[in-house]
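Listing of target_35.tsv, TSV, C-alpha atoms
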```
chain	number	residue	atom	x	y	z
A	1	MET	CA	0.00	0.00	0.00
A	2	ARG	CA	2.81	2.35	0.93
A	3	THR	CA	4.40	1.93	-2.50
A	4	THR	CA	1.18	1.65	-4.51
A	5	ILE	CA	-0.06	5.19	-3.96
A	6	PRO	CA	3.18	6.92	-4.98
A	7	VAL	CA	3.40	4.68	-8.08
A	8	ILE	CA	-0.17	5.49	-9.05
A	9	SER	CA	0.36	9.17	-8.38
A	10	LEU	CA	3.46	9.09	-10.58
A	11	LEU	CA	1.51	7.37	-13.36
A	12	PHE	CA	-1.22	9.98	-13.08
A	13	LEU	CA	1.27	12.81	-13.17
A	14	LEU	CA	2.95	11.25	-16.20
A	15	TYR	CA	-0.41	10.99	-17.94
A	16	ALA	CA	-1.40	14.53	-17.03
A	17	GLY	CA	2.01	15.80	-18.09
A	18	THR	CA	1.79	14.07	-21.43
A	19	ALA	CA	-1.71	15.39	-22.02
A	20	LEU	CA	-0.63	18.92	-21.24
A	21	ALA	CA	2.49	18.66	-23.35
A	22	SER	CA	0.61	17.35	-26.35
A	23	GLY	CA	-2.02	20.06	-26.14
A	24	GLY	CA	0.43	22.91	-25.69
A	25	GLU	CA	1.56	25.49	-28.18
A	26	ALA	CA	4.94	25.74	-29.85
A	27	ALA	CA	7.97	25.54	-27.59
A	28	GLY	CA	9.18	28.78	-26.12
A	29	THR	CA	12.82	28.40	-27.02
A	30	LEU	CA	15.06	28.00	-30.04
A	31	THR	CA	17.22	24.91	-30.53
A	32	VAL	CA	20.82	25.48	-29.50
A	33	LEU	CA	23.13	23.95	-32.11
A	34	GLY	CA	26.02	21.96	-30.68
A	35	THR	CA	28.38	22.95	-33.47
A	36	ARG	CA	28.18	26.41	-34.97
A	37	SER	CA	28.78	26.25	-38.73
A	38	PRO	CA	29.32	29.29	-40.94
A	39	ALA	CA	25.98	30.65	-42.18
A	40	PRO	CA	25.36	30.44	-45.93
A	41	GLU	CA	25.51	33.79	-47.69
A	42	LEU	CA	22.27	35.67	-48.06
A	43	LYS	CA	22.05	38.61	-50.41
A	44	LEU	CA	18.58	39.78	-51.36
A	45	LYS	CA	16.59	42.92	-52.09
A	46	ASP	CA	13.84	44.28	-49.86
A	47	LEU	CA	10.50	45.74	-50.98
A	48	ASP	CA	12.15	49.07	-51.82
A	49	GLY	CA	14.87	47.43	-53.91
A	50	LYS	CA	17.57	47.94	-51.28
A	51	THR	CA	20.06	45.06	-51.12
A	52	TYR	CA	20.80	43.40	-47.79
A	53	SER	CA	23.70	41.04	-47.27
A	54	LEU	CA	24.21	38.82	-44.25
A	55	SER	CA	27.99	39.19	-44.44
A	56	ALA	CA	27.61	42.98	-44.21
A	57	LEU	CA	25.89	42.49	-40.85
A	58	ARG	CA	28.88	40.63	-39.34
A	59	GLY	CA	29.30	41.71	-35.73
A	60	LYS	CA	25.55	41.73	-35.14
A	61	VAL	CA	23.35	38.86	-34.09
A	62	VAL	CA	20.98	38.25	-37.02
A	63	LEU	CA	17.71	36.32	-36.93
A	64	VAL	CA	16.95	35.00	-40.45
A	65	ASN	CA	13.31	34.00	-40.83
A	66	PHE	CA	12.05	32.21	-43.96
A	67	TRP	CA	8.33	32.68	-44.47
A	68	ALA	CA	5.40	33.06	-46.89
A	69	THR	CA	2.09	34.90	-46.65
A	70	TRP	CA	0.05	31.74	-47.30
A	71	CYS	CA	1.75	29.86	-44.43
A	72	PRO	CA	-0.46	30.07	-41.29
A	73	PRO	CA	2.28	29.64	-38.65
A	74	CYS	CA	4.42	32.22	-40.51
A	75	ARG	CA	1.59	34.73	-40.30
A	76	ARG	CA	0.98	33.99	-36.64
A	77	GLU	CA	4.58	34.50	-35.54
A	78	MET	CA	5.24	37.70	-37.54
A	79	PRO	CA	3.77	40.19	-34.99
A	80	SER	CA	5.80	38.60	-32.19
A	81	LEU	CA	8.93	38.93	-34.35
A	82	GLN	CA	8.28	42.67	-34.59
A	83	ARG	CA	7.80	42.96	-30.82
A	84	LEU	CA	11.10	41.09	-30.34
A	85	TYR	CA	12.75	43.51	-32.78
A	86	GLN	CA	11.52	46.44	-30.71
A	87	LYS	CA	12.80	44.83	-27.52
A	88	LEU	CA	16.44	44.25	-28.50
A	89	PRO	CA	19.11	46.87	-29.28
A	90	HIS	CA	19.34	47.48	-33.05
A	91	GLU	CA	23.05	48.26	-32.95
A	92	ASN	CA	23.65	44.61	-32.01
A	93	PHE	CA	20.66	42.81	-33.46
A	94	GLU	CA	18.89	42.53	-36.83
A	95	ILE	CA	16.05	40.51	-38.29
A	96	LEU	CA	15.95	39.53	-41.97
A	97	ALA	CA	12.56	38.11	-42.90
A	98	VAL	CA	12.94	36.31	-46.22
A	99	ASN	CA	9.70	35.81	-48.13
A	100	VAL	CA	9.83	32.74	-50.33
A	101	GLY	CA	8.36	32.70	-53.83
A	102	GLU	CA	5.98	35.67	-53.73
A	103	ASP	CA	5.93	39.09	-55.37
A	104	GLU	CA	6.27	42.61	-53.92
A	105	ASN	CA	2.56	43.37	-54.05
A	106	THR	CA	1.57	40.24	-52.16
A	107	VAL	CA	4.16	40.83	-49.44
A	108	LEU	CA	3.45	44.56	-49.20
A	109	THR	CA	-0.32	44.06	-48.91
A	110	PHE	CA	0.23	41.45	-46.24
A	111	SER	CA	2.64	43.62	-44.25
A	112	TRP	CA	0.11	46.49	-44.18
A	113	MET	CA	-2.34	44.19	-42.41
A	114	LEU	CA	0.08	43.28	-39.64
A	115	LYS	CA	-0.20	44.89	-36.21
A	116	PRO	CA	2.43	45.85	-35.26
A	117	ALA	CA	3.67	46.34	-38.84
A	118	PRO	CA	7.17	44.97	-39.39
A	119	THR	CA	9.94	47.57	-39.40
A	120	PHE	CA	12.69	45.01	-40.06
A	121	PRO	CA	13.65	44.29	-43.68
A	122	LEU	CA	11.29	42.05	-45.66
A	123	LEU	CA	13.47	40.44	-48.33
A	124	LEU	CA	12.24	38.77	-51.50
A	125	ASP	CA	13.50	35.34	-52.53
A	126	ARG	CA	11.30	34.97	-55.61
A	127	ASP	CA	12.93	31.83	-57.00
A	128	SER	CA	13.74	30.32	-53.53
A	129	GLU	CA	17.41	30.10	-54.54
A	130	ALA	CA	18.54	31.75	-51.30
A	131	LEU	CA	16.50	29.36	-49.18
A	132	ARG	CA	17.95	26.33	-50.97
A	133	LYS	CA	21.39	27.18	-49.53
A	134	TRP	CA	20.04	26.90	-46.00
A	135	PRO	CA	19.15	23.63	-44.25
A	136	ALA	CA	15.40	24.28	-44.25
A	137	GLN	CA	12.75	21.80	-45.37
A	138	GLY	CA	9.61	23.72	-44.53
A	139	LEU	CA	8.19	27.13	-43.61
A	140	PRO	CA	8.60	28.86	-41.31
A	141	THR	CA	12.17	28.08	-40.34
A	142	SER	CA	14.34	30.55	-38.43
A	143	PHE	CA	18.09	30.64	-37.89
A	144	VAL	CA	20.03	32.88	-35.54
A	145	VAL	CA	23.49	33.84	-36.74
A	146	ASP	CA	26.00	34.87	-34.08
A	147	ARG	CA	28.35	37.86	-34.27
A	148	GLN	CA	31.00	35.72	-35.98
A	149	GLY	CA	28.59	34.73	-38.76
A	150	ARG	CA	27.92	31.21	-37.51
A	151	VAL	CA	24.49	29.59	-37.12
A	152	ALA	CA	23.96	29.27	-33.37
A	153	LEU	CA	20.21	28.69	-32.95
A	154	ARG	CA	17.46	27.22	-35.10
A	155	ALA	CA	13.68	26.92	-34.97
A	156	VAL	CA	11.76	24.60	-37.28
A	157	GLY	CA	8.11	25.66	-37.28
A	158	GLY	CA	6.50	28.72	-35.75
A	159	ARG	CA	7.57	30.16	-32.41
A	160	ASP	CA	6.23	32.67	-29.96
A	161	PHE	CA	8.94	35.32	-30.16
A	162	ASP	CA	7.31	37.11	-27.22
A	163	SER	CA	8.70	34.34	-25.04
A	164	PRO	CA	11.14	35.79	-22.47
A	165	ALA	CA	13.24	32.64	-22.92
A	166	VAL	CA	13.82	33.46	-26.61
A	167	ALA	CA	14.82	37.06	-25.78
A	168	ALA	CA	17.20	35.71	-23.13
A	169	GLN	CA	18.80	33.33	-25.66
A	170	LEU	CA	19.35	36.22	-28.06
A	171	ARG	CA	20.72	38.54	-25.35
A	172	THR	CA	23.21	35.83	-24.41
A	173	LEU	CA	24.41	35.74	-28.03
A	174	ILE	CA	24.53	39.53	-28.22
A	175	ASP	CA	26.65	39.62	-25.05
A	176	GLU	CA	29.15	37.05	-26.34
A	177	THR	CA	32.54	38.62	-26.82
A	178	HIS	CA	33.97	36.00	-29.17
B	1	MET	CA	-48.84	-6.19	43.49
B	2	ARG	CA	-49.03	-8.50	40.50
B	3	GLY	CA	-49.27	-5.47	38.39
B	4	LEU	CA	-46.25	-3.96	40.10
B	5	LEU	CA	-44.26	-7.23	39.80
B	6	SER	CA	-45.36	-7.55	36.23
B	7	ARG	CA	-44.22	-4.02	35.46
B	8	ILE	CA	-40.89	-4.65	37.28
B	9	PHE	CA	-40.46	-7.94	35.41
B	10	HIS	CA	-41.39	-6.30	32.19
B	11	LYS	CA	-39.01	-3.47	32.93
B	12	ASN	CA	-36.22	-5.87	33.83
B	13	HIS	CA	-37.03	-7.97	30.85
B	14	LEU	CA	-36.94	-4.97	28.63
B	15	ALA	CA	-33.71	-3.84	30.25
B	16	SER	CA	-32.29	-7.30	29.79
B	17	ARG	CA	-33.43	-7.39	26.19
B	18	ARG	CA	-32.03	-3.94	25.60
B	19	SER	CA	-28.80	-5.02	27.17
B	20	ALA	CA	-28.76	-8.20	25.08
B	21	PHE	CA	-29.65	-6.14	22.04
B	22	ARG	CA	-26.82	-3.74	22.82
B	23	ARG	CA	-24.45	-6.70	23.33
B	24	ASP	CA	-25.64	-8.22	20.08
B	25	MET	CA	-25.30	-4.93	18.31
B	26	ARG	CA	-21.82	-4.40	19.76
B	27	ARG	CA	-20.88	-7.95	18.71
B	28	MET	CA	-22.43	-7.44	15.30
B	29	GLY	CA	-20.78	-4.06	15.11
B	30	ARG	CA	-17.41	-5.56	15.93
B	31	MET	CA	-18.01	-8.33	13.37
B	32	ALA	CA	-19.23	-5.87	10.78
B	33	GLU	CA	-16.36	-3.57	11.55
B	34	SER	CA	-13.95	-6.45	11.28
B	35	ARG	CA	-15.56	-7.66	8.02
B	36	LEU	CA	-15.75	-4.15	6.64
B	37	LYS	CA	-12.11	-3.55	7.49
B	38	ALA	CA	-11.16	-6.80	5.79
B	39	LEU	CA	-13.37	-5.94	2.82
B	40	LEU	CA	-11.92	-2.48	2.60
B	41	ARG	CA	-8.45	-3.92	2.80
B	42	GLU	CA	-9.19	-6.28	-0.07
B	43	THR	CA	-11.42	-4.10	-2.20
B	44	GLY	CA	-9.34	-1.08	-1.36
B	45	ARG	CA	-6.24	-2.74	-2.71
B	46	LEU	CA	-8.18	-4.19	-5.59
B	47	GLY	CA	-9.70	-0.80	-6.30
B	48	LEU	CA	-6.33	0.87	-6.16
B	49	TYR	CA	-4.84	-1.81	-8.39
B	50	LEU	CA	-7.71	-1.32	-10.83
B	51	TRP	CA	-7.28	2.44	-10.65
B	52	GLY	CA	-3.55	2.06	-11.22
B	53	ALA	CA	-4.14	-0.26	-14.16
B	54	LEU	CA	-6.61	2.21	-15.63
B	55	ALA	CA	-4.16	5.09	-15.19
B	56	ALA	CA	-1.34	3.04	-16.72
B	57	GLY	CA	-3.66	2.02	-19.55
B	58	ALA	CA	-4.59	5.64	-20.11
B	59	VAL	CA	-0.92	6.54	-20.31
B	60	LEU	CA	-0.10	3.76	-22.72
B	61	ALA	CA	-3.32	3.51	-24.73
B	62	GLY	CA	-4.76	7.00	-24.34
B	63	GLU	CA	-1.53	8.59	-25.37
B	64	SER	CA	-1.69	6.94	-28.78
B	65	SER	CA	-5.45	6.84	-29.28
B	66	THR	CA	-7.00	8.89	-32.06
B	67	VAL	CA	-8.91	12.00	-31.03
B	68	HIS	CA	-11.50	12.92	-33.65
B	69	GLU	CA	-13.12	16.33	-33.90
B	70	ARG	CA	-15.56	18.04	-36.25
B	71	SER	CA	-15.64	21.82	-36.50
B	72	PRO	CA	-19.20	22.98	-35.82
B	73	GLU	CA	-18.93	25.87	-38.30
B	74	ALA	CA	-17.45	24.24	-41.41
B	75	GLY	CA	-18.21	20.62	-40.60
B	76	LEU	CA	-14.60	19.73	-41.38
B	77	GLU	CA	-13.07	16.83	-39.50
B	78	SER	CA	-9.66	16.46	-37.91
B	79	TRP	CA	-7.78	13.65	-36.21
B	80	LYS	CA	-5.00	13.85	-33.64
B	81	VAL	CA	-2.70	11.25	-32.12
B	82	SER	CA	-0.06	11.83	-29.45
B	83	HIS	CA	2.43	9.05	-29.01
B	84	ARG	CA	5.67	9.14	-27.05
B	85	GLY	CA	5.85	12.91	-27.07
B	86	VAL	CA	5.12	13.29	-30.78
B	87	THR	CA	1.77	14.65	-31.99
B	88	LEU	CA	0.36	14.22	-35.48
B	89	GLU	CA	-2.75	16.04	-36.58
B	90	LEU	CA	-4.57	15.72	-39.91
B	91	ALA	CA	-7.30	18.20	-40.84
B	92	GLN	CA	-9.48	17.80	-43.92
B	93	ILE	CA	-9.06	20.10	-46.90
B	94	THR	CA	-12.05	20.07	-49.24
B	95	PRO	CA	-11.63	19.97	-53.03
B	96	ASP	CA	-12.93	23.55	-53.12
B	97	GLN	CA	-10.30	24.73	-50.66
B	98	ALA	CA	-7.47	22.92	-52.46
B	99	ARG	CA	-8.64	24.26	-55.84
B	100	ALA	CA	-8.93	27.82	-54.50
B	101	PHE	CA	-5.50	27.71	-52.86
B	102	PHE	CA	-3.67	26.79	-56.05
B	103	ILE	CA	-5.72	29.03	-58.34
B	104	GLY	CA	-4.74	31.76	-55.89
B	105	ARG	CA	-1.10	30.79	-56.46
B	106	GLY	CA	-1.52	31.22	-60.21
B	107	PHE	CA	-2.27	27.63	-61.23
B	108	GLU	CA	-4.32	26.92	-64.34
B	109	ARG	CA	-7.73	25.57	-63.40
B	110	VAL	CA	-6.98	22.17	-64.93
B	111	ASP	CA	-3.84	21.79	-62.80
B	112	ALA	CA	-5.57	22.96	-59.64
B	113	GLU	CA	-8.36	20.50	-60.43
B	114	ARG	CA	-5.86	17.68	-60.75
B	115	TYR	CA	-4.56	18.35	-57.24
B	116	ALA	CA	-8.04	18.92	-55.78
B	117	ALA	CA	-9.16	15.50	-57.04
B	118	SER	CA	-6.77	13.82	-54.61
B	119	CYS	CA	-7.39	13.28	-50.91
B	120	VAL	CA	-5.83	16.33	-49.21
B	121	PHE	CA	-5.14	17.14	-45.57
B	122	THR	CA	-3.31	19.77	-43.60
B	123	ALA	CA	-0.73	17.79	-41.64
B	124	ILE	CA	0.85	19.11	-38.44
B	125	LEU	CA	3.62	17.11	-36.81
B	126	ARG	CA	5.16	18.25	-33.54
B	127	ASN	CA	8.00	17.01	-31.42
B	128	ASP	CA	6.30	18.18	-28.24
B	129	ALA	CA	8.07	16.11	-25.66
B	130	ALA	CA	10.10	13.32	-27.25
B	131	PRO	CA	13.30	12.73	-25.27
B	132	ALA	CA	15.46	13.59	-28.30
B	133	ALA	CA	15.37	14.68	-31.93
B	134	ILE	CA	13.08	12.69	-34.20
B	135	ALA	CA	13.35	12.07	-37.95
B	136	TYR	CA	10.52	10.97	-40.22
B	137	ARG	CA	10.24	9.87	-43.87
B	138	LEU	CA	6.80	10.15	-45.47
B	139	ALA	CA	7.84	7.42	-47.94
B	140	GLU	CA	7.51	4.96	-45.05
B	141	TRP	CA	4.01	5.99	-43.99
B	142	ARG	CA	1.06	3.94	-45.24
B	143	ALA	CA	-2.70	4.42	-45.57
B	144	VAL	CA	-4.56	1.20	-44.78
B	145	ARG	CA	-8.14	0.79	-45.96
B	146	ALA	CA	-10.41	-1.98	-44.67
B	147	GLY	CA	-9.58	-5.10	-46.65
B	148	GLY	CA	-7.12	-3.22	-48.83
B	149	GLN	CA	-3.39	-3.19	-49.35
B	150	PRO	CA	-1.34	-0.57	-47.50
B	151	GLN	CA	-0.90	2.39	-49.81
B	152	ARG	CA	1.93	4.91	-49.89
B	153	LEU	CA	1.30	8.64	-49.78
B	154	LYS	CA	1.72	10.84	-52.83
B	155	LEU	CA	4.81	12.86	-52.01
B	156	LYS	CA	5.81	16.36	-53.02
B	157	GLU	CA	8.45	14.87	-55.34
B	158	ASP	CA	5.81	12.75	-57.11
B	159	TRP	CA	3.75	15.87	-57.77
B	160	LEU	CA	6.76	17.89	-58.90
B	161	LYS	CA	7.55	15.24	-61.54
B	162	GLU	CA	3.99	15.57	-62.81
B	163	TRP	CA	4.13	19.35	-62.85
B	164	GLU	CA	7.46	19.17	-64.69
B	165	ALA	CA	5.88	16.92	-67.33
B	166	ARG	CA	2.91	19.28	-67.63
B	167	GLY	CA	5.22	22.28	-68.06
B	168	LEU	CA	4.10	24.16	-64.99
B	169	ALA	CA	5.81	27.54	-64.60
B	170	GLN	CA	8.72	27.71	-62.13
B	171	ALA	CA	6.98	30.20	-59.81
B	172	ARG	CA	4.00	27.83	-59.51
B	173	LYS	CA	6.29	24.90	-58.73
B	174	ILE	CA	8.03	26.91	-55.99
B	175	ALA	CA	4.71	27.86	-54.39
B	176	PHE	CA	3.61	24.26	-54.65
B	177	ALA	CA	6.81	22.78	-53.19
B	178	TRP	CA	6.83	24.94	-50.08
B	179	SER	CA	3.13	24.45	-49.39
B	180	GLN	CA	3.49	20.67	-49.16
B	181	PHE	CA	4.41	18.82	-46.00
B	182	PRO	CA	8.14	18.05	-46.29
B	183	SER	CA	8.89	14.46	-47.31
B	184	GLU	CA	11.68	14.11	-44.77
B	185	GLN	CA	12.53	16.19	-41.75
B	186	ARG	CA	14.31	16.19	-38.43
B	187	PHE	CA	12.65	17.83	-35.43
B	188	GLU	CA	14.47	18.74	-32.25
B	189	PRO	CA	12.19	18.90	-29.18
B	190	GLY	CA	9.94	21.93	-29.71
B	191	ASP	CA	10.17	21.79	-33.51
B	192	TRP	CA	7.12	21.26	-35.68
B	193	ASN	CA	5.80	21.80	-39.14
B	194	GLN	CA	2.60	22.20	-41.09
B	195	GLY	CA	1.84	21.50	-44.72
B	196	MET	CA	-0.45	19.84	-47.22
B	197	LEU	CA	-0.41	16.07	-47.49
B	198	THR	CA	-2.01	14.00	-50.25
B	199	LEU	CA	-3.12	10.43	-50.82
B	200	MET	CA	-4.38	9.03	-54.09
B	201	LEU	CA	-7.66	7.85	-52.62
B	202	PRO	CA	-11.15	8.75	-53.79
B	203	ARG	CA	-12.83	11.60	-51.92
B	204	GLY	CA	-14.84	10.24	-48.99
B	205	SER	CA	-12.47	7.28	-48.50
B	206	ARG	CA	-11.89	6.09	-44.96
B	207	PHE	CA	-8.51	4.70	-43.87
B	208	ASP	CA	-6.10	4.23	-40.98
B	209	LEU	CA	-2.74	5.95	-41.25
B	210	LYS	CA	0.24	3.91	-40.12
B	211	TYR	CA	3.09	6.29	-39.51
B	212	GLY	CA	6.33	6.51	-37.62
B	213	TRP	CA	9.67	8.14	-36.98
B	214	THR	CA	13.06	7.31	-35.56
B	215	ALA	CA	14.46	8.67	-32.33
B	216	GLN	CA	17.84	7.77	-30.86
B	217	GLY	CA	18.20	5.00	-33.45
B	218	LYS	CA	14.91	3.40	-32.48
B	219	THR	CA	11.88	3.23	-34.77
B	220	GLU	CA	8.56	4.30	-33.28
B	221	GLU	CA	5.24	3.47	-34.91
B	222	ALA	CA	1.74	4.78	-34.33
B	223	MET	CA	-1.66	4.48	-35.93
B	224	MET	CA	-4.23	7.17	-36.65
B	225	LYS	CA	-7.60	5.47	-36.99
B	226	GLY	CA	-10.69	6.26	-39.03
B	227	VAL	CA	-9.38	9.15	-41.12
B	228	THR	CA	-11.74	10.26	-43.90
B	229	CYS	CA	-10.99	12.22	-47.07
B	230	ALA	CA	-13.17	15.32	-47.35
B	231	ASN	CA	-15.88	15.87	-49.89
B	232	ASP	CA	-16.98	19.28	-51.11
B	233	ASN	CA	-19.89	19.22	-48.70
B	234	PRO	CA	-18.29	18.22	-45.41
B	235	GLY	CA	-20.61	16.84	-42.81
B	236	TYR	CA	-23.32	15.88	-45.30
```
Go through the file and emit its structure as structure tokens.
Amino acid sequence: MRTTIPVISLLFLLYAGTALASGGEAAGTLTVLGTRSPAPELKLKDLDGKTYSLSALRGKVVLVNFWATWCPPCRREMPSLQRLYQKLPHENFEILAVNVGEDENTVLTFSWMLKPAPTFPLLLDRDSEALRKWPAQGLPTSFVVDRQGRVALRAVGGRDFDSPAVAAQLRTLIDETH
Amino acid sequence: MRGLLSRIFHKNHLASRRSAFRRDMRRMGRMAESRLKALLRETGRLGLYLWGALAAGAVLAGESSTVHERSPEAGLESWKVSHRGVTLELAQITPDQARAFFIGRGFERVDAERYAASCVFTAILRNDAAPAAIAYRLAEWRAVRAGGQPQRLKLKEDWLKEWEARGLAQARKIAFAWSQFPSEQRFEPGDWNQGMLTLMLPRGSRFDLKYGWTAQGKTEEAMMKGVTCANDNPGY
């Protein structure tokens, strides 16, 4: 009897824990990569025709987000990306949101509907050639590139970028000295 | 006097009977208490064992049982299975929805129609709480219909070959490729993905989906039961 109740309680907790885990939303953190490999080059134009290059942002932590307007989890996470952008210091942090396969009008119309509207660059990868250089299989996928230009964090699928844990992960990278 | 003696006798008799009754009751009480205690000991343990078995069963069976839902507004159905920390959800996409999506992406009506004729779902796979990274290959998943042979899914690559043969424009192929559920993927804990998944089954077909993944070198398998391809008038 003395051992039965704890065992049953443990089973119940396991069951409850599993039920809660399976019903929960996306995880609140980004995956920390054991080995940081150099990020592939990314050189694309934004909606105004201005060219952005990942290598030109060396020294900053850069969150590269691949997305599309028709992708529901991409749409859901976009406002929280903007709030994250507002939260972190721009001199050390940048977001490049790379739209895959769509035209300027589609992206522009979509961005007008967002609240808060994105103030980070929305880049156009019309032929998905840029995305093919990155290890992404689906949308959305996000990578965080450290100040040395290496991929340090990754998120497959949508995330809640309002999560304090995500901001803490990024601040840790921003504070890295080497 | 007789009356007095009779009353005294009666009183004593009553007192004696009450006393005997109390003794009997106390004895019966002790017996009942003893039996009840024994019964409680046995049934209590049995009950707890049963409860434990039920809880364990819920953990093992409930975790991988199929949860079926129907949206009250659209009448569309969805199925969800959670097994060993991995959750798969399939939600019906009607022919109308599939057609509209690809016409919206610039497809010719005939091409959109070709896709809409297949059995289409939105698939969501999550590594919610698996102890490590998982990797899946859609090529290994099978749809099993009652009395039928297990059937493979129609993968993104199969479609892309068809679109190539039909001369679909590059922009359309790109939109198509990224909208489909990836054929292979690796999910760290917390990772997930969503995309369109097709089977070459007639609309309205009912099947079980046998699916799986590998984690830490071990293959895990699960079954989603009673999945139904949508018709244009869901719920009717």
7 Å contacts from chain B to chain A using only C-alpha atoms, as a PyMOL selection string
chain B and resi 52+55-56+59+82+85+87+128-129+171+174-175+178+182+185+188+190-193
Residues as selected, C-alpha atoms, written as a PDB file, keeping the file's coordinate frame, can you do that?
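So the final result, stored in out.pdb, reads:
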```pdb
ATOM      1  CA  GLY B  52      -3.550   2.060 -11.220  1.00  0.00           C
ATOM      2  CA  ALA B  55      -4.160   5.090 -15.190  1.00  0.00           C
ATOM      3  CA  ALA B  56      -1.340   3.040 -16.720  1.00  0.00           C
ATOM      4  CA  VAL B  59      -0.920   6.540 -20.310  1.00  0.00           C
ATOM      5  CA  SER B  82      -0.060  11.830 -29.450  1.00  0.00           C
ATOM      6  CA  GLY B  85       5.850  12.910 -27.070  1.00  0.00           C
ATOM      7  CA  THR B  87       1.770  14.650 -31.990  1.00  0.00           C
ATOM      8  CA  ASP B 128       6.300  18.180 -28.240  1.00  0.00           C
ATOM      9  CA  ALA B 129       8.070  16.110 -25.660  1.00  0.00           C
ATOM     10  CA  ALA B 171       6.980  30.200 -59.810  1.00  0.00           C
ATOM     11  CA  ILE B 174       8.030  26.910 -55.990  1.00  0.00           C
ATOM     12  CA  ALA B 175       4.710  27.860 -54.390  1.00  0.00           C
ATOM     13  CA  TRP B 178       6.830  24.940 -50.080  1.00  0.00           C
ATOM     14  CA  PRO B 182       8.140  18.050 -46.290  1.00  0.00           C
ATOM     15  CA  GLN B 185      12.530  16.190 -41.750  1.00  0.00           C
ATOM     16  CA  GLU B 188      14.470  18.740 -32.250  1.00  0.00           C
ATOM     17  CA  GLY B 190       9.940  21.930 -29.710  1.00  0.00           C
ATOM     18  CA  ASP B 191      10.170  21.790 -33.510  1.00  0.00           C
ATOM     19  CA  TRP B 192       7.120  21.260 -35.680  1.00  0.00           C
ATOM     20  CA  ASN B 193       5.800  21.800 -39.140  1.00  0.00           C
TER      21      ASN B 193
END
```
Hey, what's within 7 Å of B:Ala133 if we count all atoms listed in the file and toss same-chain stuff fewer than 4 positions away? As a list in words, please?
Arg186, Phe187, Glu188, Pro189 and Ala215 of chain B
For C-alpha atoms, I'd like the residues from the last selection saved as a PDB file, in the frame of the given file.
```pdb
ATOM      1  CA  ARG B 186      14.310  16.190 -38.430  1.00  0.00           C
ATOM      2  CA  PHE B 187      12.650  17.830 -35.430  1.00  0.00           C
ATOM      3  CA  GLU B 188      14.470  18.740 -32.250  1.00  0.00           C
ATOM      4  CA  PRO B 189      12.190  18.900 -29.180  1.00  0.00           C
ATOM      5  CA  ALA B 215      14.460   8.670 -32.330  1.00  0.00           C
TER       6      ALA B 215
END
```
Considering only C-alpha atoms, return as a ChimeraX atom specification whatever protein or nucleic-acid residues lie within 9 Å of A:Val145, sequence-local ones (same chain, fewer than 6 positions apart) excluded.
/A:36,38-39,60-64,151-153,173
To test the calculation: enclose all listed atoms of stretch 113-121 of chain A in a box whose edges run along x, y and z, add 5 Å on each side, then state centre and edge lengths in Å to one decimal, as AutoDock Vina command-line options.
```
--center_x 5.7 --center_y 45.4 --center_z -39.5 --size_x 26.0 --size_y 14.3 --size_z 18.4
```
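Counting only C-alpha atoms and comparing A:Asn99, A:Glu94, A:Gln82, A:Thr106, the residue that lies closest to A:Pro118 is A:Gln82.
A straight line drawn from atom CA of B:Ile124 to atom CA of B:Tyr136 is 12.8 Å long.
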Rank A:Lys43, A:Phe161, A:Gly59, A:Tyr52 by their smallest atom-to-atom distance to A:Phe93, using all atoms listed in the file, and report the top residue only.
A:Gly59
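Pairwise distance (atom CA of B:Lys156, atom CA of B:Gly204) equals 21.9 Å.
As for atom CA of A:Ala117 and atom CA of A:Pro89, they are spaced 18.2 Å apart.
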Around (3.9, 1.7, -38.4) in the file's frame, which residues reach within 10 Å when counting all atoms listed in the file? Return as an MDAnalysis selection string?
chainID B and resid 140:142 209:213 219:224
Shell of 12 Å around B:Thr228, only C-alpha atoms, local chain residues under 5 positions omitted, as an NGL selection string
:B and (68-70 or 76-79 or 90-94 or 119-121 or 143-145 or 199 or 201-209 or 234-235)
Just the selected residues (C-alpha atoms), exported as a compact mmCIF listing (two decimals), in the frame of the given file, please.
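Just written: part-v3.txt:
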```txt
# COMPACT_ATOMS: atom_id res chain seq x y z
CA HIS B 68 -11.50 12.92 -33.65
CA GLU B 69 -13.12 16.33 -33.90
CA ARG B 70 -15.56 18.04 -36.25
CA LEU B 76 -14.60 19.73 -41.38
CA GLU B 77 -13.07 16.83 -39.50
CA SER B 78 -9.66 16.46 -37.91
CA TRP B 79 -7.78 13.65 -36.21
CA LEU B 90 -4.57 15.72 -39.91
CA ALA B 91 -7.30 18.20 -40.84
CA GLN B 92 -9.48 17.80 -43.92
CA ILE B 93 -9.06 20.10 -46.90
CA THR B 94 -12.05 20.07 -49.24
CA CYS B 119 -7.39 13.28 -50.91
CA VAL B 120 -5.83 16.33 -49.21
CA PHE B 121 -5.14 17.14 -45.57
CA ALA B 143 -2.70 4.42 -45.57
CA VAL B 144 -4.56 1.20 -44.78
CA ARG B 145 -8.14 0.79 -45.96
CA LEU B 199 -3.12 10.43 -50.82
CA LEU B 201 -7.66 7.85 -52.62
CA PRO B 202 -11.15 8.75 -53.79
CA ARG B 203 -12.83 11.60 -51.92
CA GLY B 204 -14.84 10.24 -48.99
CA SER B 205 -12.47 7.28 -48.50
CA ARG B 206 -11.89 6.09 -44.96
CA PHE B 207 -8.51 4.70 -43.87
CA ASP B 208 -6.10 4.23 -40.98
CA LEU B 209 -2.74 5.95 -41.25
CA PRO B 234 -18.29 18.22 -45.41
CA GLY B 235 -20.61 16.84 -42.81
```
What residues have an atom no more than 12 Å from (-2.6, 28.6, -55.1) in the file's own frame, counting only C-alpha atoms, and can you write them as a ChimeraX atom specification?
/A:69-71,101-102 /B:96-109,111-113,115-116,171-180,196
